[in-house]
$ cat run_10.cif   # mmCIF, C-alpha atoms
data_target
#
loop_
_atom_site.label_atom_id
_atom_site.label_comp_id
_atom_site.auth_asym_id
_atom_site.auth_seq_id
_atom_site.Cartn_x
_atom_site.Cartn_y
_atom_site.Cartn_z
CA MET A 1 -19.84 6.41 21.28
CA ASN A 2 -21.06 4.66 24.49
CA THR A 3 -22.75 6.34 27.46
CA LEU A 4 -19.54 6.63 29.51
CA GLN A 5 -17.68 8.22 26.59
CA LYS A 6 -20.50 10.73 26.02
CA LEU A 7 -20.58 11.65 29.71
CA SER A 8 -16.80 12.16 29.77
CA MET A 9 -16.93 14.36 26.67
CA ASN A 10 -19.76 16.45 28.12
CA VAL A 11 -17.93 16.96 31.42
CA LEU A 12 -14.74 17.98 29.58
CA ALA A 13 -16.67 20.32 27.28
CA ALA A 14 -18.48 21.91 30.25
CA SER A 15 -15.13 22.51 31.97
CA VAL A 16 -13.70 24.15 28.84
CA MET A 17 -16.80 26.35 28.47
CA THR A 18 -16.48 27.44 32.09
CA VAL A 19 -12.83 28.44 31.61
CA LEU A 20 -13.62 30.30 28.39
CA GLY A 21 -16.67 31.99 29.80
CA GLY A 22 -19.16 30.26 27.54
CA SER A 23 -17.73 31.89 24.45
CA ALA A 24 -18.38 30.89 20.85
CA MET A 25 -15.02 29.14 20.84
CA ALA A 26 -16.10 27.00 23.78
CA ALA A 27 -19.24 26.04 21.88
CA ASP A 28 -17.11 25.04 18.89
CA ILE A 29 -14.87 22.93 21.12
CA HIS A 30 -17.92 21.29 22.66
CA ALA A 31 -19.17 20.41 19.17
CA ALA A 32 -15.75 19.08 18.19
CA LEU A 33 -15.58 16.86 21.26
CA SER A 34 -19.07 15.59 20.54
CA ASP A 35 -18.03 14.73 16.97
CA SER A 36 -14.86 12.92 18.05
CA LYS A 37 -14.55 9.22 17.44
CA ALA A 38 -12.33 6.38 18.58
CA TRP A 39 -11.73 3.00 17.01
CA ALA A 40 -9.89 -0.29 17.32
CA ASP A 41 -8.74 -2.44 14.40
CA LEU A 42 -7.43 -5.98 15.01
CA ASN A 43 -6.01 -8.54 12.58
CA LEU A 44 -4.92 -12.07 13.59
CA ARG A 45 -3.02 -13.81 10.79
CA TYR A 46 -1.18 -17.06 10.17
CA GLU A 47 1.41 -17.13 7.37
CA SER A 48 3.68 -19.93 6.14
CA VAL A 49 6.44 -19.99 3.54
CA ASP A 50 8.40 -22.82 1.93
CA GLN A 51 11.07 -22.30 -0.70
CA ASP A 52 13.49 -24.62 -2.50
CA ASN A 53 16.61 -23.15 -0.93
CA ALA A 54 18.81 -23.62 2.12
CA LEU A 55 16.54 -21.61 4.43
CA GLU A 56 14.18 -23.34 6.82
CA ASP A 57 10.44 -23.15 6.07
CA ALA A 58 8.86 -20.27 7.93
CA SER A 59 5.62 -19.86 9.87
CA ALA A 60 4.21 -17.01 11.93
CA LEU A 61 1.07 -16.23 13.90
CA THR A 62 0.82 -12.50 14.57
CA LEU A 63 -1.78 -10.14 16.00
CA ARG A 64 -1.87 -6.54 14.82
CA THR A 65 -3.79 -3.98 16.89
CA ARG A 66 -4.48 -0.37 15.96
CA LEU A 67 -6.10 2.06 18.39
CA GLY A 68 -7.09 5.43 17.01
CA PHE A 69 -8.76 8.71 17.89
CA SER A 70 -9.97 11.52 15.64
CA SER A 71 -11.31 14.79 16.99
CA GLY A 72 -14.13 16.82 15.56
CA SER A 73 -13.41 20.04 13.70
CA VAL A 74 -12.88 23.52 15.19
CA ASN A 75 -12.75 26.23 12.52
CA GLY A 76 -11.63 23.58 10.03
CA PHE A 77 -8.90 22.12 12.27
CA SER A 78 -8.90 18.58 13.65
CA PHE A 79 -6.44 16.04 15.03
CA THR A 80 -5.97 12.32 14.42
CA ALA A 81 -3.74 9.90 16.36
CA GLU A 82 -3.31 6.15 15.96
CA VAL A 83 -1.04 3.63 17.69
CA GLU A 84 -0.11 0.31 16.08
CA ASP A 85 1.15 -2.84 17.81
CA SER A 86 2.15 -6.20 16.31
CA ARG A 87 2.82 -9.26 18.48
CA ILE A 88 3.85 -12.87 17.91
CA VAL A 89 1.12 -15.16 19.27
CA MET A 90 1.56 -18.56 20.92
CA GLY A 91 5.30 -18.70 20.21
CA GLN A 92 4.82 -19.03 16.46
CA ASP A 93 8.08 -17.24 15.60
CA GLU A 94 9.91 -19.49 13.14
CA PHE A 95 10.52 -16.78 10.55
CA THR A 96 13.01 -14.11 9.52
CA VAL A 97 11.78 -10.53 9.54
CA GLY A 98 14.57 -9.07 7.42
CA PRO A 99 16.65 -5.94 8.02
CA THR A 100 15.52 -5.63 11.65
CA GLY A 101 17.72 -8.60 12.52
CA PHE A 102 15.21 -11.24 13.70
CA ASN A 103 16.40 -14.81 12.91
CA VAL A 104 18.46 -13.50 9.99
CA GLY A 105 19.67 -16.23 7.63
CA GLU A 106 17.75 -19.04 9.35
CA TYR A 107 14.18 -18.97 8.01
CA SER A 108 12.39 -17.56 4.99
CA VAL A 109 11.18 -13.97 5.35
CA ILE A 110 7.77 -13.04 6.75
CA ALA A 111 7.77 -9.25 6.95
CA ASP A 112 5.81 -8.81 10.19
CA PRO A 113 8.14 -7.62 12.98
CA GLU A 114 7.09 -7.23 16.59
CA THR A 115 6.72 -3.51 17.11
CA THR A 116 4.77 -0.79 18.88
CA GLU A 117 4.80 2.61 17.24
CA VAL A 118 2.80 5.67 16.32
CA ASP A 119 1.03 4.80 13.06
CA GLN A 120 -0.55 8.20 12.47
CA ALA A 121 -0.44 11.58 14.24
CA PHE A 122 -1.43 14.59 12.18
CA ILE A 123 -3.22 17.92 12.33
CA GLN A 124 -5.69 18.53 9.53
CA TYR A 125 -7.22 21.69 8.13
CA LYS A 126 -10.20 21.17 5.84
CA THR A 127 -12.63 23.32 3.87
CA ASP A 128 -15.04 22.41 1.09
CA LYS A 129 -12.30 22.37 -1.55
CA PHE A 130 -9.00 22.28 0.34
CA THR A 131 -7.46 19.76 2.75
CA ALA A 132 -4.03 20.01 4.37
CA LYS A 133 -2.31 17.59 6.76
CA VAL A 134 0.89 17.96 8.79
CA GLY A 135 2.43 14.99 10.58
CA ARG A 136 2.52 11.21 10.27
CA GLN A 137 -0.14 10.03 7.84
CA VAL A 138 -1.31 7.41 5.38
CA ILE A 139 -0.93 8.48 1.74
CA THR A 140 -2.25 6.40 -1.14
CA LEU A 141 -2.60 7.38 -4.78
CA ASP A 142 -4.51 5.63 -7.57
CA ASP A 143 -4.10 1.84 -7.30
CA HIS A 144 -1.04 2.04 -4.98
CA ARG A 145 1.36 1.20 -7.85
CA PHE A 146 3.63 4.12 -7.01
CA VAL A 147 2.48 5.41 -3.61
CA GLY A 148 0.67 3.15 -1.12
CA HIS A 149 0.34 2.06 2.51
CA VAL A 150 1.38 -1.61 2.11
CA GLY A 151 -1.66 -2.37 4.26
CA TRP A 152 -1.32 -6.10 3.68
CA ARG A 153 1.57 -6.25 6.14
CA GLN A 154 0.86 -5.95 9.86
CA ASP A 155 3.10 -2.88 10.20
CA ARG A 156 1.80 -0.76 7.34
CA GLN A 157 3.70 2.05 5.63
CA THR A 158 3.02 5.67 6.57
CA PHE A 159 4.85 8.93 5.93
CA ASP A 160 5.94 11.91 7.99
CA ALA A 161 4.77 14.58 5.60
CA VAL A 162 3.13 17.86 4.74
CA SER A 163 0.34 17.26 2.22
CA ALA A 164 -2.32 19.34 0.50
CA LYS A 165 -5.27 18.44 -1.74
CA TYR A 166 -7.25 21.00 -3.71
CA ALA A 167 -10.45 20.45 -5.69
CA ALA A 168 -9.93 23.07 -8.38
CA SER A 169 -13.29 22.18 -9.95
CA ASP A 170 -15.81 19.36 -10.03
CA ASN A 171 -13.50 17.56 -12.47
CA LEU A 172 -9.97 18.53 -11.44
CA GLU A 173 -8.17 17.57 -8.22
CA LEU A 174 -4.59 18.51 -7.37
CA PHE A 175 -2.39 16.89 -4.72
CA TYR A 176 1.07 17.71 -3.40
CA SER A 177 3.07 16.23 -0.54
CA TYR A 178 6.55 16.66 0.83
CA LEU A 179 7.69 13.46 2.57
CA TYR A 180 10.48 13.84 5.09
CA LYS A 181 10.37 10.31 6.47
CA ARG A 182 9.28 6.93 5.12
CA ASN A 183 7.96 4.74 7.94
CA ARG A 184 8.34 1.35 6.31
CA ILE A 185 6.99 -2.12 7.07
CA PHE A 186 10.03 -3.42 8.96
CA ALA A 187 9.49 -1.21 12.05
CA GLU A 188 11.42 1.88 13.10
CA ALA A 189 14.90 0.38 12.60
CA ALA A 190 14.30 0.30 8.84
CA ASP A 191 12.63 3.72 8.44
CA LEU A 192 14.29 6.20 6.08
CA ASP A 193 14.67 9.96 6.27
CA SER A 194 13.85 11.40 2.87
CA LYS A 195 13.29 14.54 0.82
CA ASP A 196 10.50 13.36 -1.50
CA HIS A 197 8.16 15.52 -3.57
CA ILE A 198 4.84 13.96 -4.68
CA LEU A 199 2.81 15.80 -7.33
CA HIS A 200 -0.45 14.35 -8.64
CA ALA A 201 -3.33 15.66 -10.75
CA THR A 202 -6.61 13.91 -11.56
CA TYR A 203 -9.12 14.99 -14.20
CA THR A 204 -12.44 13.13 -14.42
CA SER A 205 -14.53 13.40 -17.57
CA LYS A 206 -17.42 11.59 -19.22
CA ILE A 207 -15.01 9.27 -21.00
CA GLY A 208 -12.91 8.34 -17.97
CA LYS A 209 -10.24 9.43 -15.51
CA PHE A 210 -6.95 11.01 -16.57
CA VAL A 211 -3.97 11.26 -14.20
CA ALA A 212 -0.61 13.01 -14.49
CA TYR A 213 2.10 12.71 -11.83
CA ALA A 214 5.68 13.41 -10.85
CA TYR A 215 7.36 11.50 -8.03
CA LEU A 216 10.73 13.06 -7.18
CA LEU A 217 12.36 10.86 -4.54
CA GLU A 218 15.58 11.25 -2.57
CA VAL A 219 16.83 9.36 0.48
CA ASP A 220 18.35 11.78 2.99
CA ASN A 221 21.57 9.90 3.72
CA ASP A 222 24.36 12.39 2.89
CA THR A 223 24.83 10.92 -0.60
CA ASP A 224 23.87 12.20 -4.03
CA ASN A 225 20.82 10.22 -5.10
CA ALA A 226 17.61 10.86 -7.00
CA LEU A 227 14.81 8.75 -8.40
CA ASP A 228 12.54 10.86 -10.60
CA THR A 229 9.42 9.41 -12.22
CA TYR A 230 6.98 11.21 -14.56
CA GLY A 231 3.86 9.52 -15.86
CA VAL A 232 0.29 9.63 -17.16
CA SER A 233 -2.58 7.17 -16.95
CA TYR A 234 -6.15 6.68 -18.17
CA ASP A 235 -9.00 4.53 -16.81
CA GLY A 236 -12.36 4.11 -18.51
CA LYS A 237 -15.59 2.13 -18.17
CA MET A 238 -18.42 1.18 -20.47
CA LYS A 239 -21.64 -0.54 -19.39
CA GLY A 240 -23.49 -2.78 -21.83
CA ASP A 241 -26.71 -4.76 -21.65
CA SER A 242 -25.04 -8.00 -20.58
CA VAL A 243 -21.33 -7.13 -20.29
CA SER A 244 -19.61 -4.22 -18.54
CA TRP A 245 -16.12 -3.24 -19.65
CA ALA A 246 -13.18 -1.59 -17.87
CA TYR A 247 -9.99 -0.59 -19.64
CA GLY A 248 -6.98 1.60 -19.20
CA GLY A 249 -3.33 2.26 -19.70
CA GLU A 250 -0.35 3.95 -18.06
CA PHE A 251 3.07 5.13 -19.16
CA ALA A 252 5.94 6.53 -17.12
CA THR A 253 9.61 7.36 -17.51
CA GLN A 254 12.20 7.18 -14.75
CA SER A 255 15.74 8.41 -14.18
CA SER A 256 17.95 7.14 -11.38
CA GLU A 257 21.07 8.95 -10.25
CA ALA A 258 23.47 7.92 -7.50
CA GLY A 259 26.97 8.98 -6.55
CA ALA A 260 29.07 11.77 -7.97
CA GLY A 261 31.99 12.22 -10.33
CA GLU A 262 33.57 9.13 -11.87
CA THR A 263 31.67 6.80 -9.53
CA ALA A 264 28.23 8.18 -10.47
CA THR A 265 25.64 5.78 -11.91
CA ASP A 266 22.84 7.13 -14.08
CA PHE A 267 20.07 4.96 -15.50
CA ASP A 268 16.86 5.51 -17.42
CA ALA A 269 13.90 3.13 -17.70
CA SER A 270 10.23 3.22 -18.66
CA TYR A 271 6.98 1.73 -17.38
CA LEU A 272 3.97 0.53 -19.36
CA ASN A 273 0.68 -0.99 -18.28
CA ALA A 274 -2.49 -1.86 -20.20
CA TYR A 275 -5.55 -3.78 -19.06
CA LEU A 276 -8.98 -4.90 -20.25
CA ALA A 277 -11.71 -6.37 -18.03
CA ALA A 278 -15.18 -7.71 -18.74
CA THR A 279 -17.87 -8.38 -16.12
CA PHE A 280 -20.76 -10.69 -16.94
CA SER A 281 -23.08 -12.89 -14.87
CA GLY A 282 -21.31 -11.76 -11.68
CA VAL A 283 -17.84 -12.82 -12.89
CA THR A 284 -15.02 -10.47 -13.92
CA ALA A 285 -12.38 -11.66 -16.40
CA LYS A 286 -9.31 -9.45 -16.75
CA VAL A 287 -6.07 -9.41 -18.70
CA ASP A 288 -3.31 -7.08 -17.51
CA TYR A 289 0.08 -6.53 -19.18
CA GLU A 290 2.74 -4.65 -17.24
CA ILE A 291 6.32 -3.82 -18.19
CA LEU A 292 8.84 -2.49 -15.69
CA GLY A 293 11.58 -1.62 -18.14
CA SER A 294 15.33 -2.14 -18.03
CA ASP A 295 18.29 0.03 -18.97
CA ASP A 296 20.40 -2.41 -21.03
CA GLY A 297 20.11 -5.13 -18.40
CA MET A 298 21.79 -2.95 -15.77
CA TYR A 299 18.82 -1.38 -13.97
CA GLY A 300 15.12 -2.17 -13.46
CA PHE A 301 12.31 0.38 -13.10
CA ALA A 302 11.69 0.90 -9.35
CA THR A 303 8.62 1.82 -7.27
CA PRO A 304 9.96 2.05 -3.68
CA LEU A 305 6.85 3.71 -2.18
CA ALA A 306 4.33 1.27 -3.68
CA THR A 307 2.15 -1.38 -2.09
CA LEU A 308 4.36 -3.94 -3.81
CA HIS A 309 2.61 -7.08 -2.55
CA LYS A 310 -0.44 -6.15 -4.63
CA PHE A 311 1.50 -6.50 -7.89
CA ASN A 312 3.59 -9.18 -9.64
CA GLY A 313 2.44 -12.13 -7.54
CA TRP A 314 1.72 -12.69 -3.87
CA THR A 315 4.82 -14.80 -3.16
CA ASP A 316 6.75 -11.49 -3.30
CA GLN A 317 9.44 -12.65 -5.70
CA PHE A 318 9.67 -9.26 -7.41
CA LEU A 319 9.42 -6.69 -4.62
CA GLY A 320 12.56 -5.29 -6.22
CA THR A 321 12.61 -5.19 -10.00
CA PRO A 322 15.50 -7.29 -11.37
CA ALA A 323 18.16 -5.49 -13.41
CA GLN A 324 16.84 -7.09 -16.61
CA GLY A 325 13.40 -5.56 -15.98
CA LEU A 326 10.12 -7.43 -15.68
CA LYS A 327 7.23 -8.24 -17.99
CA ASP A 328 4.13 -9.54 -16.23
CA LEU A 329 1.24 -10.93 -18.29
CA LYS A 330 -1.60 -11.56 -15.85
CA PHE A 331 -4.94 -13.30 -16.34
CA SER A 332 -7.51 -13.23 -13.54
CA LEU A 333 -11.07 -14.27 -12.74
CA SER A 334 -13.07 -13.00 -9.76
CA GLY A 335 -16.61 -13.17 -8.45
CA GLY A 336 -18.87 -13.93 -5.51
CA LEU A 337 -19.46 -17.19 -3.65
CA ALA A 338 -21.47 -17.96 -0.49
CA GLY A 339 -21.61 -14.32 0.51
CA GLY A 340 -17.89 -13.80 0.00
CA LYS A 341 -15.48 -12.95 -2.81
CA TRP A 342 -13.08 -15.23 -4.70
CA LEU A 343 -10.13 -14.49 -6.96
CA LEU A 344 -7.96 -16.67 -9.22
CA ALA A 345 -4.94 -15.20 -11.03
CA TYR A 346 -2.10 -16.45 -13.23
CA HIS A 347 1.14 -14.52 -13.88
CA ASP A 348 3.63 -15.22 -16.67
CA PHE A 349 6.92 -13.42 -15.99
CA SER A 350 9.71 -12.65 -18.45
CA ALA A 351 12.63 -10.23 -18.74
CA ASP A 352 12.38 -6.89 -20.51
CA ASP A 353 16.05 -7.19 -21.53
CA SER A 354 17.37 -10.72 -22.07
CA SER A 355 20.80 -9.75 -23.40
CA ASN A 356 22.48 -11.48 -20.43
CA GLY A 357 20.80 -14.80 -21.28
CA VAL A 358 18.04 -14.52 -18.66
CA ASP A 359 14.57 -14.43 -20.21
CA ASP A 360 12.16 -16.78 -18.42
CA LEU A 361 11.42 -15.33 -14.96
CA GLY A 362 8.88 -17.98 -14.00
CA SER A 363 5.14 -18.04 -13.41
CA GLU A 364 2.78 -17.85 -10.46
CA ILE A 365 -0.75 -18.85 -9.48
CA ASN A 366 -2.70 -16.94 -6.81
CA VAL A 367 -5.99 -17.96 -5.14
CA GLN A 368 -8.00 -16.03 -2.52
CA TYR A 369 -11.35 -16.14 -0.75
CA THR A 370 -12.58 -13.42 1.65
CA LYS A 371 -15.84 -12.97 3.53
CA LYS A 372 -17.40 -10.59 6.03
CA PHE A 373 -19.55 -12.05 8.80
CA ALA A 374 -21.43 -11.04 11.95
CA GLY A 375 -21.51 -7.45 10.81
CA LYS A 376 -18.00 -6.29 11.69
CA TYR A 377 -15.72 -9.30 11.22
CA ASN A 378 -13.77 -10.45 8.18
CA PHE A 379 -12.15 -13.77 7.26
CA GLY A 380 -9.72 -14.64 4.51
CA ILE A 381 -7.67 -17.48 3.08
CA LYS A 382 -5.01 -16.97 0.44
CA TYR A 383 -2.35 -19.00 -1.40
CA GLY A 384 0.41 -18.27 -3.87
CA THR A 385 2.71 -20.73 -5.67
CA TYR A 386 5.67 -19.60 -7.77
CA ASP A 387 7.34 -21.81 -10.41
CA ALA A 388 10.88 -20.55 -11.01
CA GLY A 389 12.40 -19.83 -14.41
CA ASP A 390 15.98 -18.84 -15.22
CA ILE A 391 16.38 -17.14 -11.83
CA LYS A 392 15.06 -17.63 -8.26
CA VAL A 393 13.61 -20.86 -6.79
CA ASP A 394 10.16 -22.42 -6.42
CA ALA A 395 8.19 -20.93 -3.54
CA ASN A 396 4.81 -21.29 -1.82
CA ARG A 397 3.04 -18.96 0.61
CA PHE A 398 -0.17 -19.53 2.56
CA TRP A 399 -2.25 -17.17 4.72
CA MET A 400 -5.35 -17.39 6.88
CA TRP A 401 -6.69 -14.48 8.90
CA VAL A 402 -9.59 -13.05 10.84
CA GLY A 403 -10.06 -9.39 11.71
CA THR A 404 -12.49 -6.84 13.10
CA ARG A 405 -12.90 -3.08 13.45
CA PHE A 406 -15.08 -1.28 15.97
#
$ encode --input "run_10.cif" --output "structure tokens"
Amino acid sequence: MNTLQKLSMNVLAASVMTVLGGSAMAADIHAALSDSKAWADLNLRYESVDQDNALEDASALTLRTRLGFSSGSVNGFSFTAEVEDSRIVMGQDEFTVGPTGFNVGEYSVIADPETTEVDQAFIQYKTDKFTAKVGRQVITLDDHRFVGHVGWRQDRQTFDAVSAKYAASDNLELFYSYLYKRNRIFAEAADLDSKDHILHATYTSKIGKFVAYAYLLEVDNDTDNALDTYGVSYDGKMKGDSVSWAYGGEFATQSSEAGAGETATDFDASYLNAYLAATFSGVTAKVDYEILGSDDGMYGFATPLATLHKFNGWTDQFLGTPAQGLKDLKFSLSGGLAGGKWLLAYHDFSADDSSNGVDDLGSEINVQYTKKFAGKYNFGIKYGTYDAGDIKVDANRFWMWVGTRF
């Protein structure tokens, strides 16, 4: 906090203390104002897309700005507010945003709309073991596979929600949230009212982390619909003299219901993931096998609240699971170089149910290098190339960005 900010806070605190007669509450407010913090987060990014279809190649240069404020605590209560703005820079607007209606049907999609909106605004109550939030907030769980903030996009995903986290012991943590609005990445026009229940329990032991969850989702649109997912996962680590290991697995079942009476559609599908990673000489090699199951080729396991870009390839070919399901066998290498981090990954995609004659879903290569510099700046370059199989078309995406937070 700079000198001007400190002076302003002290003047405001002195005024409050005068009104309240120098009471203990005034002292608490003074302390809360002194502990307040403000921040700015900027990200300038160039993205290009070319696909072998009738759409024009796309390119975009966008600047995302977040300005935030978080108060100190008074009797456990505090307040956080954050505004987010995304702008097209230098007229680089040859892209389609998607459902918001920008250049629809002309260019390939780059999901970064121009928008200004409230990113977060919540009241928090916190004690040593209990935390509750009411209002618009970021919610992420585990590796973002089922609930995430889609922070890769300029307009990240947040939720209007009531959430509570309780540390029942040193090993057990419980989380519940009721989501009544999904603020998605395509700006306010694409947000969805919902009635979602998120239940999550984590138990940490000497042999690893165990998680159990239930995600009971419903879009509030005057129709009968439900997407219920129940699952468990395990993550473990083992450190050796020359090689460190990481391993884990996850299993979930899902039921999807929509409509009523004779027009109702009910599907069931399962999810499976297993991985093994070894780190040696500063390099991590990892194999990851993921199955988003199918119900007889009619429905694919869905994760609508996830940070989807993180999974199944960066060209975003499988943001929605195809009806025949998806198997993703991924091999990756990562490490350090010149003070930064590099990553190389290969995906081999196939169908979970090939009864309709579709089996080969293509392959993809991803490459990335990121680096922090000058203390508070970050730079990145990233590329994904998708080789189509029995469905879709070849596609390439490229990104370069620079960002800072202060």
$ closest_residue --input "run_10.cif" --among "A:Ala285, A:Val49, A:Ala168, A:Ile29" --to "Tyr383 in chain A" --atoms "only C-alpha atoms"
A:Val49
$ resolve_selection --input "run_10.cif" --expression "the PyMOL selection byres ((chain A and resi 276) around 12)" --output "ChimeraX atom specification"
/A:235-238,244-249,273-275,277-279,284-289,330-332
$ resolve_selection --input "run_10.cif" --expression "the PyMOL selection byres ((chain A and resi 393) around 12)" --output "VMD selection string"
chain A and resid 50 to 55 315 317 361 to 364 385 to 392 394 to 396
$ write_last_selection --input "run_10.cif" --atoms "C-alpha atoms" --output "CSV table (one decimal), keeping the file's coordinate frame"
chain,number,residue,atom,x,y,z
A,50,ASP,CA,8.4,-22.8,1.9
A,51,GLN,CA,11.1,-22.3,-0.7
A,52,ASP,CA,13.5,-24.6,-2.5
A,53,ASN,CA,16.6,-23.2,-0.9
A,54,ALA,CA,18.8,-23.6,2.1
A,55,LEU,CA,16.5,-21.6,4.4
A,315,THR,CA,4.8,-14.8,-3.2
A,317,GLN,CA,9.4,-12.6,-5.7
A,361,LEU,CA,11.4,-15.3,-15.0
A,362,GLY,CA,8.9,-18.0,-14.0
A,363,SER,CA,5.1,-18.0,-13.4
A,364,GLU,CA,2.8,-17.8,-10.5
A,385,THR,CA,2.7,-20.7,-5.7
A,386,TYR,CA,5.7,-19.6,-7.8
A,387,ASP,CA,7.3,-21.8,-10.4
A,388,ALA,CA,10.9,-20.6,-11.0
A,389,GLY,CA,12.4,-19.8,-14.4
A,390,ASP,CA,16.0,-18.8,-15.2
A,391,ILE,CA,16.4,-17.1,-11.8
A,392,LYS,CA,15.1,-17.6,-8.3
A,394,ASP,CA,10.2,-22.4,-6.4
A,395,ALA,CA,8.2,-20.9,-3.5
A,396,ASN,CA,4.8,-21.3,-1.8
$ residues_around --input "run_10.cif" --residues "Phe175 in chain A" --least-positions-apart "5" --cutoff "9 Å" --atoms "all atoms listed in the file" --output "VMD selection string"
chain A and resid 163 to 167 198 to 202
$ closest_atom_pairs --input "run_10.cif" --of "range 31-97 of chain A" --to "range 125-129 of chain A" --cutoff "10 Å" --atoms "only C-alpha atoms" --output "tab-separated table"
residue	atom	partner	partner_atom	distance
A:Ser73	CA	A:Tyr125	CA	8.5
A:Val74	CA	A:Tyr125	CA	9.2
A:Asn75	CA	A:Tyr125	CA	8.4
A:Gly76	CA	A:Lys126	CA	5.0
A:Phe77	CA	A:Tyr125	CA	4.5
A:Ser78	CA	A:Tyr125	CA	6.6
A:Phe79	CA	A:Tyr125	CA	9.0
$ closest_residue --input "run_10.cif" --among "A:Val367, A:Ala374, A:Ile110, A:Ala60" --to "Gly91 in chain A" --atoms "all atoms listed in the file"
A:Ala60
$ atom_distance --input "run_10.cif" --atom1 "CA of Phe301 in chain A" --atom2 "CA of Gln254 in chain A"
7.0 Å
$ decode --input "run_10.cif" --residues "range 256-271 of chain A" --atoms "C-alpha atoms" --output "mmCIF file, in the first residue's frame"
data_model
loop_
_atom_site.group_PDB
_atom_site.id
_atom_site.type_symbol
_atom_site.label_atom_id
_atom_site.label_comp_id
_atom_site.auth_asym_id
_atom_site.auth_seq_id
_atom_site.Cartn_x
_atom_site.Cartn_y
_atom_site.Cartn_z
ATOM 1 C CA SER A 256 -28.359 -37.333 -17.262
ATOM 2 C CA GLU A 257 -32.086 -36.670 -17.349
ATOM 3 C CA ALA A 258 -33.935 -34.224 -19.582
ATOM 4 C CA GLY A 259 -37.571 -33.774 -20.507
ATOM 5 C CA ALA A 260 -40.606 -35.527 -19.122
ATOM 6 C CA GLY A 261 -43.018 -38.266 -20.124
ATOM 7 C CA GLU A 262 -42.588 -39.910 -23.518
ATOM 8 C CA THR A 263 -40.071 -37.277 -24.646
ATOM 9 C CA ALA A 264 -37.744 -37.798 -21.659
ATOM 10 C CA THR A 265 -34.132 -38.820 -22.339
ATOM 11 C CA ASP A 266 -32.172 -40.640 -19.649
ATOM 12 C CA PHE A 267 -28.525 -41.631 -20.034
ATOM 13 C CA ASP A 268 -25.835 -43.129 -17.833
ATOM 14 C CA ALA A 269 -22.071 -42.953 -18.352
ATOM 15 C CA SER A 270 -18.875 -43.425 -16.353
ATOM 16 C CA TYR A 271 -15.519 -41.695 -16.031
#
